[in-house]
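Asks: Supplied structure: protein.cif, mmCIF, C-alpha atoms and all ligand atoms.
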data_coords
loop_
_atom_site.label_atom_id
_atom_site.label_comp_id
_atom_site.auth_asym_id
_atom_site.auth_seq_id
_atom_site.Cartn_x
_atom_site.Cartn_y
_atom_site.Cartn_z
CA MET B 685 38.78 5.78 83.67
CA GLY B 686 37.32 6.67 87.06
CA GLN B 687 34.92 9.56 87.41
CA VAL B 688 35.99 12.36 89.73
CA PHE B 689 33.44 14.07 92.00
CA SER B 690 34.21 17.05 94.22
CA ILE B 691 31.89 17.58 97.16
CA ALA B 692 31.85 21.32 97.61
CA SER B 693 29.82 24.10 99.20
CA GLN B 694 30.20 27.73 100.03
CA LYS B 695 28.80 27.18 103.50
CA GLY B 696 30.45 25.09 106.24
CA GLY B 697 28.86 22.24 108.19
CA VAL B 698 26.39 21.18 105.50
CA GLY B 699 27.39 17.52 105.29
CA LYS B 700 30.25 17.44 102.75
CA THR B 701 32.49 15.15 104.79
CA THR B 702 29.56 12.95 105.85
CA THR B 703 28.60 12.66 102.18
CA ALA B 704 32.14 11.81 101.06
CA LEU B 705 32.46 9.11 103.72
CA ASN B 706 29.08 7.47 103.26
CA LEU B 707 28.97 7.71 99.51
CA GLY B 708 32.46 6.18 99.44
CA VAL B 709 31.26 3.35 101.66
CA ALA B 710 28.12 2.86 99.57
CA PHE B 711 30.07 2.56 96.31
CA ALA B 712 32.71 0.30 97.87
CA ARG B 713 29.90 -1.98 99.12
CA SER B 714 28.65 -2.28 95.56
CA ASN B 715 32.08 -3.44 94.38
CA ARG B 716 33.30 -0.14 93.00
CA LYS B 717 36.89 0.77 93.76
CA VAL B 718 36.76 4.16 95.46
CA LEU B 719 39.34 6.69 96.60
CA ILE B 720 38.29 9.48 98.97
CA ILE B 721 40.71 12.41 98.93
CA ASP B 722 40.67 14.64 101.99
CA ALA B 723 41.28 18.11 100.60
CA ASP B 724 40.37 19.81 103.88
CA PRO B 725 43.48 20.53 105.96
CA GLN B 726 41.22 20.58 109.01
CA GLY B 727 39.15 17.59 107.96
CA GLY B 728 40.84 14.48 109.36
CA ILE B 729 38.67 12.19 107.24
CA VAL B 730 41.52 9.69 107.07
CA TYR B 731 41.18 8.96 110.82
CA SER B 732 37.57 7.94 110.32
CA LEU B 733 38.55 5.33 107.77
CA ASN B 734 42.05 4.21 108.70
CA LYS B 735 42.72 4.16 112.42
CA HIS B 736 46.50 3.96 111.90
CA PRO B 737 47.30 6.17 108.94
CA ASN B 738 50.91 5.60 108.01
CA SER B 739 51.52 7.24 104.69
CA PRO B 740 54.21 9.92 104.57
CA PHE B 741 52.44 11.34 101.54
CA GLY B 742 49.26 13.38 101.57
CA LEU B 743 47.76 15.92 99.23
CA TYR B 744 50.16 18.61 100.41
CA GLN B 745 53.09 16.55 99.13
CA VAL B 746 51.24 16.20 95.83
CA PHE B 747 50.85 19.98 95.60
CA CYS B 748 54.58 20.33 96.27
CA GLY B 749 55.44 17.87 93.50
CA GLU B 750 56.97 15.41 95.99
CA ALA B 751 54.47 12.59 95.49
CA GLU B 752 51.61 11.33 93.38
CA ILE B 753 48.14 10.59 94.69
CA LEU B 754 48.81 6.95 93.88
CA ASP B 755 51.77 6.98 96.34
CA GLY B 756 49.66 8.25 99.22
CA ALA B 757 46.36 6.35 98.90
CA LEU B 758 45.85 4.15 101.96
CA PRO B 759 43.67 1.05 102.28
CA THR B 760 40.82 1.07 104.79
CA GLU B 761 39.12 -1.72 106.71
CA LEU B 762 36.61 -1.91 103.89
CA GLU B 763 37.51 -3.72 100.72
CA ASN B 764 37.56 -1.42 97.66
CA LEU B 765 37.73 1.75 99.77
CA PHE B 766 40.92 3.85 99.87
CA VAL B 767 41.65 7.20 101.44
CA MET B 768 44.21 9.94 100.93
CA ASP B 769 45.09 12.34 103.73
CA SER B 770 45.50 16.07 103.31
CA GLY B 771 49.03 15.48 104.56
CA ILE B 772 49.36 18.43 106.82
CA PRO B 773 48.73 19.23 110.49
CA ASN B 774 46.27 22.03 110.89
CA SER B 775 48.11 25.04 112.23
CA ASN B 776 47.16 28.28 110.48
CA SER B 777 50.55 28.85 108.88
CA GLU B 778 50.54 25.35 107.44
CA ILE B 779 47.04 25.78 106.06
CA GLN B 780 48.33 28.90 104.34
CA ALA B 781 51.25 26.85 102.96
CA PHE B 782 48.74 24.29 101.70
CA GLU B 783 46.76 26.98 99.89
CA ASP B 784 49.92 28.59 98.48
CA ALA B 785 51.09 25.24 97.17
CA THR B 786 47.76 24.81 95.32
CA ARG B 787 48.28 28.15 93.67
CA ALA B 788 51.91 27.55 92.80
CA THR B 789 51.80 24.23 91.05
CA GLY B 790 48.46 23.21 89.59
CA LEU B 791 49.72 19.63 90.03
CA PHE B 792 46.43 18.59 91.64
CA ARG B 793 44.60 18.02 88.37
CA GLU B 794 47.53 16.20 86.78
CA SER B 795 47.87 13.86 89.73
CA VAL B 796 44.12 13.18 89.89
CA LEU B 797 44.15 12.37 86.17
CA ASN B 798 47.06 9.96 86.74
CA ALA B 799 45.15 8.23 89.55
CA ALA B 800 41.75 8.09 87.82
CA PRO B 801 42.41 4.94 85.73
CA TYR B 802 43.08 2.95 88.92
CA TYR B 803 39.70 3.67 90.51
CA ASP B 804 36.06 3.59 89.46
CA LEU B 805 35.40 6.71 91.45
CA ILE B 806 37.37 9.46 93.17
CA LEU B 807 35.54 11.61 95.73
CA ILE B 808 37.22 14.84 96.85
CA ASP B 809 36.04 16.23 100.18
CA CYS B 810 36.53 20.01 99.93
CA PRO B 811 36.97 22.46 102.79
CA PRO B 812 34.12 24.96 103.28
CA GLY B 813 34.10 27.92 100.90
CA ILE B 814 35.46 28.36 97.43
CA GLY B 815 39.05 29.26 98.14
CA LEU B 816 42.09 27.96 96.32
CA ILE B 817 41.81 24.38 97.53
CA SER B 818 38.17 23.92 96.53
CA THR B 819 38.87 25.64 93.22
CA GLY B 820 41.82 23.29 92.63
CA ALA B 821 39.59 20.31 93.41
CA LEU B 822 36.85 21.49 91.05
CA ILE B 823 39.39 22.04 88.30
CA ALA B 824 40.43 18.40 88.75
CA SER B 825 36.86 17.04 88.71
CA ASP B 826 34.31 15.77 86.24
CA TYR B 827 31.41 16.65 88.53
CA ALA B 828 30.48 18.74 91.56
CA ILE B 829 28.14 17.40 94.22
CA ILE B 830 26.69 20.29 96.22
CA PRO B 831 25.22 19.43 99.61
CA LEU B 832 22.64 21.89 100.88
CA GLN B 833 21.54 21.71 104.48
CA SER B 834 17.76 21.64 104.87
CA GLU B 835 17.70 24.89 106.84
CA PRO B 836 16.18 28.30 106.08
CA LEU B 837 18.40 30.61 104.00
CA SER B 838 20.67 27.78 102.92
CA LEU B 839 20.21 28.81 99.29
CA ARG B 840 21.55 32.28 100.07
CA THR B 841 25.21 31.40 99.47
CA PHE B 842 24.53 29.27 96.42
CA PRO B 843 24.97 32.01 93.74
CA GLN B 844 28.63 32.52 94.74
CA LEU B 845 29.44 28.84 94.25
CA LEU B 846 27.50 28.80 91.01
CA GLN B 847 29.47 31.80 89.70
CA GLN B 848 32.73 30.08 90.62
CA LEU B 849 31.63 26.95 88.75
CA ILE B 850 30.71 29.02 85.71
CA ASP B 851 34.14 30.70 85.78
CA ILE B 852 35.94 27.37 86.13
CA LYS B 853 33.96 25.89 83.26
CA LYS B 854 34.66 28.90 81.07
CA ASN B 855 38.35 29.27 81.84
CA THR B 856 40.00 26.08 83.07
CA ASN B 857 37.89 22.93 83.19
CA HIS B 858 35.42 23.02 80.30
CA SER B 859 34.00 19.60 81.11
CA ILE B 860 32.93 20.12 84.71
CA GLU B 861 29.21 19.58 85.37
CA ILE B 862 27.01 19.84 88.43
CA ALA B 863 26.16 16.25 89.34
CA GLY B 864 23.44 17.52 91.61
CA VAL B 865 22.38 19.50 94.61
CA LEU B 866 21.92 17.19 97.58
CA LEU B 867 19.53 18.05 100.40
CA THR B 868 21.11 16.96 103.68
CA MET B 869 19.89 16.70 107.28
CA PHE B 870 16.35 16.62 105.99
CA ASP B 871 13.66 16.35 108.64
CA ASP B 872 10.30 15.07 107.38
CA HIS B 873 8.44 16.67 110.27
CA SER B 874 10.02 20.09 110.02
CA MET B 875 8.33 22.92 108.17
CA ALA B 876 11.76 24.51 107.53
CA SER B 877 13.01 21.37 105.75
CA GLN B 878 9.86 21.32 103.62
CA ILE B 879 10.27 25.00 102.70
CA VAL B 880 13.90 24.46 101.62
CA HIS B 881 12.86 21.37 99.69
CA ASP B 882 10.22 23.37 97.76
CA GLU B 883 12.58 26.33 97.22
CA VAL B 884 15.26 24.06 95.81
CA ARG B 885 12.81 22.35 93.47
CA ASN B 886 11.60 25.75 92.24
CA TYR B 887 15.06 27.23 91.88
CA PHE B 888 16.75 24.40 89.96
CA THR B 889 15.68 22.30 87.02
CA GLU B 890 14.83 18.72 87.93
CA ASP B 891 18.05 17.20 86.62
CA LEU B 892 20.14 19.41 88.92
CA VAL B 893 18.65 18.13 92.18
CA PHE B 894 19.21 14.60 93.42
CA GLU B 895 15.97 12.74 93.94
CA THR B 896 17.49 11.25 97.07
CA SER B 897 17.69 13.52 100.09
CA ILE B 898 19.59 12.60 103.24
CA PRO B 899 17.57 12.52 106.46
CA ARG B 900 18.88 13.81 109.76
CA ASP B 901 20.26 10.68 111.40
CA THR B 902 22.77 10.75 114.23
CA SER B 903 23.52 7.04 113.86
CA LEU B 904 25.66 7.97 110.84
CA ASN B 905 28.33 9.13 113.31
CA LEU B 906 28.47 5.75 115.05
CA LEU B 907 30.01 4.15 112.01
CA TYR B 908 33.28 6.02 112.28
CA THR B 909 33.69 6.86 115.94
CA GLY B 910 33.35 3.60 117.87
CA ASN B 911 35.87 0.80 118.38
CA LYS B 912 34.14 -1.55 115.99
CA LYS B 913 35.75 -2.39 112.69
CA LEU B 914 33.99 -0.60 109.84
CA PRO B 915 32.59 -3.75 108.17
CA ASP B 916 31.10 -4.86 111.52
CA ALA B 917 29.65 -1.43 112.27
CA LEU B 918 28.18 -1.39 108.77
CA ALA B 919 26.64 -4.82 109.13
CA GLU B 920 24.84 -3.56 112.25
CA LEU B 921 23.64 -0.27 110.79
CA GLU B 922 22.89 -1.19 107.21
CA SER B 923 19.38 -2.40 107.95
CA THR B 924 18.47 0.23 110.55
CA SER B 925 20.11 3.54 109.67
CA GLU B 926 17.88 5.64 107.44
CA GLY B 927 20.82 7.94 106.74
CA LEU B 928 23.04 5.12 105.54
CA GLN B 929 20.22 3.71 103.42
CA ALA B 930 19.73 7.14 101.86
CA TYR B 931 23.43 7.25 100.91
CA TYR B 932 23.07 3.78 99.36
CA HIS B 933 20.15 5.13 97.30
CA LEU B 934 22.21 8.15 96.33
CA ALA B 935 24.99 5.84 95.11
CA GLU B 936 22.43 3.99 92.98
CA GLU B 937 21.13 7.28 91.61
CA ILE B 938 24.66 8.45 90.73
CA ASN B 939 25.44 5.07 89.27
CA PHE B 940 22.40 5.27 87.03
CA LYS B 941 22.99 8.90 86.01
CA PHE B 942 26.74 8.91 85.45
CA PHE B 943 27.95 5.35 85.00
CA SER B 944 25.25 3.58 83.01
CA ARG B 945 25.46 3.87 79.28
CA SER B 946 22.56 3.31 76.96
CA PRO B 947 23.03 0.56 74.37
CA ASN B 948 23.18 3.25 71.66
CA GLU B 949 25.96 5.09 73.45
CA LEU B 950 27.91 1.84 73.83
CA ILE B 951 27.48 1.08 70.13
CA ALA B 952 28.54 4.61 69.21
CA LYS B 953 31.62 4.25 71.44
CA SER B 954 32.74 1.04 69.81
CA PHE B 955 33.12 2.59 66.33
P1 LIG B 1001 32.85 21.55 107.07
O1 LIG B 1001 32.38 22.62 106.11
O2 LIG B 1001 33.20 22.11 108.42
O3 LIG B 1001 33.91 20.68 106.49
P2 LIG B 1001 30.93 19.59 106.35
O4 LIG B 1001 30.16 20.29 105.28
O5 LIG B 1001 31.96 18.61 105.93
O6 LIG B 1001 31.56 20.63 107.38
P3 LIG B 1001 29.98 17.52 108.08
O7 LIG B 1001 31.22 17.56 108.89
O8 LIG B 1001 29.76 16.36 107.20
O9 LIG B 1001 29.83 18.87 107.28
O10 LIG B 1001 28.67 17.67 109.01
C1 LIG B 1001 28.56 18.71 109.96
C2 LIG B 1001 27.93 18.12 111.22
O11 LIG B 1001 26.63 17.66 110.92
C3 LIG B 1001 28.69 16.94 111.79
O12 LIG B 1001 28.63 16.97 113.18
C4 LIG B 1001 27.94 15.74 111.24
O13 LIG B 1001 28.06 14.62 112.06
C5 LIG B 1001 26.52 16.27 111.22
N1 LIG B 1001 25.74 15.64 110.14
C6 LIG B 1001 26.02 15.62 108.82
N2 LIG B 1001 25.06 14.98 108.13
C7 LIG B 1001 24.15 14.58 109.04
C8 LIG B 1001 22.92 13.86 108.97
N3 LIG B 1001 22.42 13.43 107.81
N4 LIG B 1001 22.25 13.64 110.12
C9 LIG B 1001 22.71 14.08 111.31
N5 LIG B 1001 23.86 14.75 111.46
C10 LIG B 1001 24.58 15.01 110.34
MG MG B 1002 34.07 18.68 106.10
#
Kindly return the structure encoded in the file as structure tokens.
Replies:
Amino acid sequence: MGQVFSIASQKGGVGKTTTALNLGVAFARSNRKVLIIDADPQGGIVYSLNKHPNSPFGLYQVFCGEAEILDGALPTELENLFVMDSGIPNSNSEIQAFEDATRATGLFRESVLNAAPYYDLILIDCPPGIGLISTGALIASDYAIIPLQSEPLSLRTFPQLLQQLIDIKKNTNHSIEIAGVLLTMFDDHSMASQIVHDEVRNYFTEDLVFETSIPRDTSLNLLYTGNKKLPDALAELESTSEGLQAYYHLAEEINFKFFSRSPNELIAKSF
């Protein structure tokens, strides 16, 4: 059964989509079968991974009960990596329809659960904020990954997301856990980054913050914007991009924390 991770934050522009993309790539490179679901009607993540998306089914059709996630998952240029579109153009009225559909059906969780056995990992890229779509995604997830931009005051919005997670855990999805807070766009030479780093380490217990932080690295964008095929672009950047290497480390960290089982656990499971 695949593990489901939502990448969510109260604040916009903190690196959710970048994390979904690069973590997906990192896991696919280590032979895990990964599905990235674009739950942001304004996200367009599918265009970064599949230059000619051709599925009539996206998440919107899942919300409407017209399709299953498994019907809409598209292959990408990278082996083991699949992507699912939000399935809706981004006019305001349609975004409202997308949100309304989430409220009306609750089919998101059911469809994610149906898809989970076919993947090792499902990553859901949430829109900014904790509206209906992000809430629906968190209800469907085993874990939340919470990117936090290494900027002053970035912790300010955290209590709202935390409260929402507490409510979801209490009322609808008792098994959801925080996988970790992820510091993004970290700049070694910046005092502000260092201050946020220290604040985060003081605010949260050690197990709630990923050891890996993601450096500011504009080369991350080159992977998905140029004309090169993704495997070729990766081959060029894998040894030079600090950002990509950090996402590979993060994948290892997640792998160790959430996929490895101790021998005792394995023995216990087999009885
Ligand atoms: P939104 O809330 O709008 O969906 P988001 O949280 O998904 O935003 P991204 O789109 O991933 O954030 O990132 C916001 C911007 O920051 C983008 O232009 C992205 O290219 C850039 N960015 C993200 N991570 C990094 C990084 N590690 N180094 C440099 N630039 C980055
Ligand atoms: Mg995004």
Asks: Kindly indicate which residue among B:Gln833, B:Thr896, B:Thr760, B:Thr902 lies nearest to ligand LIG 1001 (chain B), using all atoms listed in the file for the distances.
Replies: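 Of B:Gln833, B:Thr896, B:Thr760, B:Thr902, the one nearest ligand LIG 1001 (chain B) is B:Thr902, counting all atoms listed in the file.
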Asks: What do you get as JSON, numbers by chain if you pick all residues at most 7 Å from ligand MG 1002 (chain B), counting all atoms listed in the file?
Replies: {"B": [697, 699, 700, 701, 724, 727, 809, 810, 811, 812]}
Asks: May I have the residues within 12 Å of Asp872 (chain B) as a ChimeraX atom specification, using only C-alpha atoms and disregarding those fewer than 2 positions away in the same chain?
Replies: /B:834,867-870,874-881,897-901
Asks: So which residues touch Met768 (chain B) within 7 Å, counting all atoms listed in the file, skipping near sequence neighbours fewer than 5 positions away, as a list in words?
Replies: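 Listing them by chain and then by number gives Ile720, Ile721, Asp722, Val730, Gly742, Gly756, Ala757 and Leu758 of chain B.
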Asks: Point out the residue among B:Leu822, B:Ile729, B:Leu805, B:Ala710 with the least atom-to-atom distance to ligand LIG 1001 (chain B), counting only C-alpha atoms and all ligand atoms.
Replies: B:Ile729
Asks: For Asn905 (chain B), which of B:Ile862, B:Leu705, B:Leu754, B:Val698 is the closest residue, counting only C-alpha atoms?
Replies: B:Leu705
Asks: Which residue is closest to Phe943 (chain B)? Choose from B:Gln694, B:Pro740, B:Asn911, B:Phe711 and count all atoms listed in the file.
Replies: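 Closest to Phe943 (chain B), using all atoms listed in the file: B:Phe711.
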Asks: Using only C-alpha atoms, which residue out of B:Asn738, B:Asn764, B:Ser690, B:Gln844 lies closest to Tyr802 (chain B)?
Replies: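 Going through B:Asn738, B:Asn764, B:Ser690, B:Gln844 one by one, the smallest distance to Tyr802 (chain B) is for B:Asn764.
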Asks: B:Leu762, B:Val709, B:Ile691, B:Val893: which is nearest ligand LIG 1001 (chain B), counting only C-alpha atoms and all ligand atoms?
Replies: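 Among B:Leu762, B:Val709, B:Ile691, B:Val893, it is B:Ile691 that comes nearest to ligand LIG 1001 (chain B).
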Asks: Give me the residues near Leu816 (chain B) as a ChimeraX atom specification, where near means some atom within 12 Å (using only C-alpha atoms) and where sequence neighbours in that chain fewer than 6 positions away do not count.
Replies: /B:723-724,747,779-790,792,810,822-823,848,852
Asks: Interatomic distance between CA of Asp769 (chain B) and CA of Ala799 (chain B)?
Replies: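 The value is 14.8 Å.
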Asks: For ligand LIG 1001 (chain B), what centre and edge lengths in Å (one decimal) does the axis-aligned box get once 6 Å is added on each side of all its listed atoms, as AutoDock Vina command-line options?
Replies:
--center_x 28.1 --center_y 18.0 --center_z 109.2 --size_x 23.7 --size_y 21.2 --size_z 19.9
Asks: With only C-alpha atoms as the counted atoms, please give the residues lying no more than 10 Å from Thr909 (chain B), apart from itself and same-chain residues fewer than 5 positions off, as a list in words.
Replies: Tyr731, Ser732, Leu733, Leu904, Leu914 and Ala917 of chain B
Asks: To one decimal place in Å, what is the distance between atom C3 of ligand LIG 1001 (chain B) and CA of Leu846 (chain B)?
Replies: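 We find that atom C3 of ligand LIG 1001 (chain B) and CA of Leu846 (chain B) lie 24.0 Å from each other.
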